[in-house]
Amino acid sequence: MLILGLETSCDDTGAGIIDETRNIRANIVASQLTDHLPYGGVVPEIAARAHLDMIDDVIHRALQEAGATFADLSGIAATTGPGLIGGVMVGAMMGKSIAAVRGLPFIAVNHLEAHALTPRLTDNVAFPYLLLLASGGHCQLLLVRGVGDYKLLGRTIDDAVGECFDKCAKLLGLGYPGGPLIEQAAQNGNPKAFDLPRPMMGRAGCDFSFSGLKTAVRTMAAGQELTPSFVADMAASLQAAIADSIADRAQHAFAMLEEPVTAFVAAGGVAANQTLRARLTQIAARNNVGFAAPPPKLCTDNGVMVAWAGLERLRLGLTDGFDTPARPRWPLEKIQAA
Ligand code: KG4
Ligand code: ZN
């Protein structure tokens with residue numbers, strides 16, 4: 001059984017192929033980084049056109065890497081939301097077209113569910129588990145009870161954590177996407193150099209907030225010369241503040257759980273951050289469970305996670321019609337298993 005997964009919801013064109021033994025047969029991701037670089041962020045119209053330009057080639061390279069042809073596939077999964085609608089439509093239409101021509105089942109995948117289920121592919125995590133979903137567009141803590149069965153525990157009340165990394169990186173002249181650049185710069189910095197706020201620390205519940213942190217970085221950086229040592233110290237201080245805040249929120253989430261969980265899991269682009277992973281590992285240990293997060297290249301957007309979510313759904317007999325819409329918004333707690 002081979003499943004092809006297509007990911008086009010933001011600025012990465014991804015095609016991944018997996019088999020039923022959880023073998024990753026192909027993982028091709030074409031980044032549009034240079035297309036968006038002059039604008040300091042992702043431009044939706046440019047993203048949609050770039051997906052259209054690249055998707056054929058990305059799919060063919062994935063098939064080549066897997067040593068497979070369309071005839072070998074057992075199903076096609078594509079992200080149908082949430083995301084930048086022009087890009088989502090490109091992947092969804094392509095997925096439906098291949099499925100229609102080949103007479104294969106089509107699986108409409110929620111991008112957040114793809115992130116959320118990836119640790120089951122990489123670490124064989126069993127339900128239920130506590131999930132931190134931290135990316136450029138989302139920051140939430142969820143109880144994952146099963147495929148399509150999510151309970152939202154807390155979410156950001158303003159910016160997503162990846163957005164905070166990206167905006168602060170821009171303030172520090174580091175470029176885009178900011179998360180990996182902040183992480184790199186922080187290696188030479190002192191995390192105690194700047195006394196940044198720890199948003200929501202100690203507050204009831206497990207919601208997040210990151211816009212105040214961004215404002216604090218802006219205020220402290222205003223009028224400063226962006227020397228390598230200033231940037232390194234600020235990057236390290238920011239990373240530490242984010243890790244402290246998320247660790248506190250995660251501890252609160254554990255306290256809110258009404259049933260035991262098998263693991264604490266992190267997914268989404270920000271879960272690639274090593275400082276954060278180390279802090280979350282401590283929180284998991286304090287709560288007597290293991291910590292799991294996919295390897296960094298499966299944390300950021302890719303087609304493999306879509307293929308895996310598609311496989312999980314297909315195994316439960318959950319397939320979708322060609323009339324399934326592309327959705328700019330599609331909260332995880334609203335999706336159904338059936
Ligand atoms: O999951 P993703 O690839 O796309 C979305 O669905 O948003 O996440 C992208 C986000 C960006 O904000 C990026 O700066 C952040 O993940 N990110 C990181 C790291 N790698 C990517 N943030 C912190 N540390 C990293 N190493
Ligand atoms: Zn994502």
# chains A, B, ... in the order shown; residues from 1 in each chain; ligands from 1
call {"tool": "select_by_dssp", "arguments": {"residues": "region 64-230 of chain A", "states": "strand (DSSP E)", "output": "MDAnalysis selection string"}}
result
chainID A and resid 75:81 106:110 129:134 139:146 149:155
call {"tool": "residues_near_ligand", "arguments": {"ligand": "ligand 1", "cutoff": "9 Å", "atoms": "only C-alpha atoms and all ligand atoms", "output": "PyMOL selection string"}}
result
chain A and resi 9-12+83+111-112+115+133-138+160-167+169+176-184+239+267-276+296-302
call {"tool": "closest_residue", "arguments": {"among": "A:Ile157, A:Val289, A:Leu318, A:Ile76", "to": "Ser211 (chain A)", "atoms": "only C-alpha atoms"}}
result
A:Ile157
call {"tool": "select_by_dssp", "arguments": {"residues": "region 124-256 of chain A", "states": "helix (DSSP H, G or I)", "output": "count of residues only"}}
result
60
call {"tool": "residues_around", "arguments": {"residues": "region 43-49 of chain A", "least_positions_apart": "6", "cutoff": "7 Å", "atoms": "only C-alpha atoms", "output": "ChimeraX atom specification"}}
result
/A:11,36,84,86-87
call {"tool": "closest_residue", "arguments": {"among": "A:Leu4, A:Leu311, A:Met200, A:Ala114", "to": "ligand 2", "atoms": "only C-alpha atoms and all ligand atoms"}}
result
A:Ala114
call {"tool": "closest_residue", "arguments": {"among": "A:Val231, A:Met305, A:Ala193, A:Ala66", "to": "ligand 2", "atoms": "only C-alpha atoms and all ligand atoms"}}
result
A:Met305
call {"tool": "closest_residue", "arguments": {"among": "A:Leu63, A:Thr118, A:Leu196, A:Ala108", "to": "ligand 2", "atoms": "only C-alpha atoms and all ligand atoms"}}
result
A:Thr118
call {"tool": "closest_residue", "arguments": {"among": "A:Phe230, A:Tyr39, A:Tyr129, A:Phe210", "to": "Ala292 (chain A)", "atoms": "only C-alpha atoms"}}
result
A:Tyr129
call {"tool": "atom_distance", "arguments": {"atom1": "CA of Ser237 (chain A)", "atom2": "CA of Phe194 (chain A)"}}
result
5.8 Å
call {"tool": "closest_residue", "arguments": {"among": "A:Gly81, A:Gly5, A:Gly189, A:Gly40", "to": "ligand 2", "atoms": "only C-alpha atoms and all ligand atoms"}}
result
A:Gly81
call {"tool": "residues_around", "arguments": {"residues": "Pro119 (chain A)", "least_positions_apart": "4", "cutoff": "9 Å", "atoms": "only C-alpha atoms", "output": "mmCIF file with N, CA and C atoms, in the first residue's frame"}}
result
data_model
loop_
_atom_site.group_PDB
_atom_site.id
_atom_site.type_symbol
_atom_site.label_atom_id
_atom_site.label_comp_id
_atom_site.auth_asym_id
_atom_site.auth_seq_id
_atom_site.Cartn_x
_atom_site.Cartn_y
_atom_site.Cartn_z
ATOM 1 N N HIS A 115 0.137 17.612 10.994
ATOM 2 C CA HIS A 115 1.185 17.867 11.994
ATOM 3 C C HIS A 115 0.935 17.012 13.239
ATOM 4 N N ASP A 123 7.357 8.103 15.875
ATOM 5 C CA ASP A 123 7.636 7.539 17.204
ATOM 6 C C ASP A 123 6.602 6.520 17.663
ATOM 7 N N ASN A 124 5.685 6.173 16.765
ATOM 8 C CA ASN A 124 4.682 5.152 17.088
ATOM 9 C C ASN A 124 3.913 5.469 18.380
ATOM 10 N N VAL A 125 3.591 6.746 18.581
ATOM 11 C CA VAL A 125 2.891 7.189 19.797
ATOM 12 C C VAL A 125 1.443 6.688 19.758
ATOM 13 N N VAL A 265 3.694 15.312 23.161
ATOM 14 C CA VAL A 265 4.167 15.351 21.791
ATOM 15 C C VAL A 265 4.186 16.799 21.280
ATOM 16 N N ALA A 266 5.222 17.146 20.540
ATOM 17 C CA ALA A 266 5.259 18.482 19.936
ATOM 18 C C ALA A 266 5.339 18.327 18.425
ATOM 19 N N ALA A 267 4.613 19.183 17.713
ATOM 20 C CA ALA A 267 4.625 19.122 16.254
ATOM 21 C C ALA A 267 4.488 20.532 15.693
ATOM 22 N N ALA A 292 7.962 13.156 22.681
ATOM 23 C CA ALA A 292 8.256 12.796 21.293
ATOM 24 C C ALA A 292 8.024 13.993 20.389
ATOM 25 N N ALA A 293 8.898 14.180 19.446
ATOM 26 C CA ALA A 293 8.699 15.189 18.408
ATOM 27 C C ALA A 293 9.364 14.668 17.147
ATOM 28 N N PRO A 294 8.770 14.915 16.002
ATOM 29 C CA PRO A 294 9.367 14.418 14.758
ATOM 30 C C PRO A 294 10.734 15.051 14.517
#
call {"tool": "atom_distance", "arguments": {"atom1": "CA of Ile335 (chain A)", "atom2": "CA of Gln140 (chain A)"}}
result
15.6 Å
call {"tool": "residues_around", "arguments": {"residues": "Gly212 (chain A)", "least_positions_apart": "3", "cutoff": "8 Å", "atoms": "only C-alpha atoms", "output": "list in words"}}
result
Pro197, Pro199, Ser209, Thr215 and Ala216 of chain A
call {"tool": "atom_distance", "arguments": {"atom1": "CA of Leu117 (chain A)", "atom2": "CA of Ala309 (chain A)"}}
result
6.3 Å
call {"tool": "residues_around", "arguments": {"residues": "Val306 (chain A)", "least_positions_apart": "5", "cutoff": "7 Å", "atoms": "only C-alpha atoms", "output": "PyMOL selection string"}}
result
chain A and resi 5-7+77-79+109+114
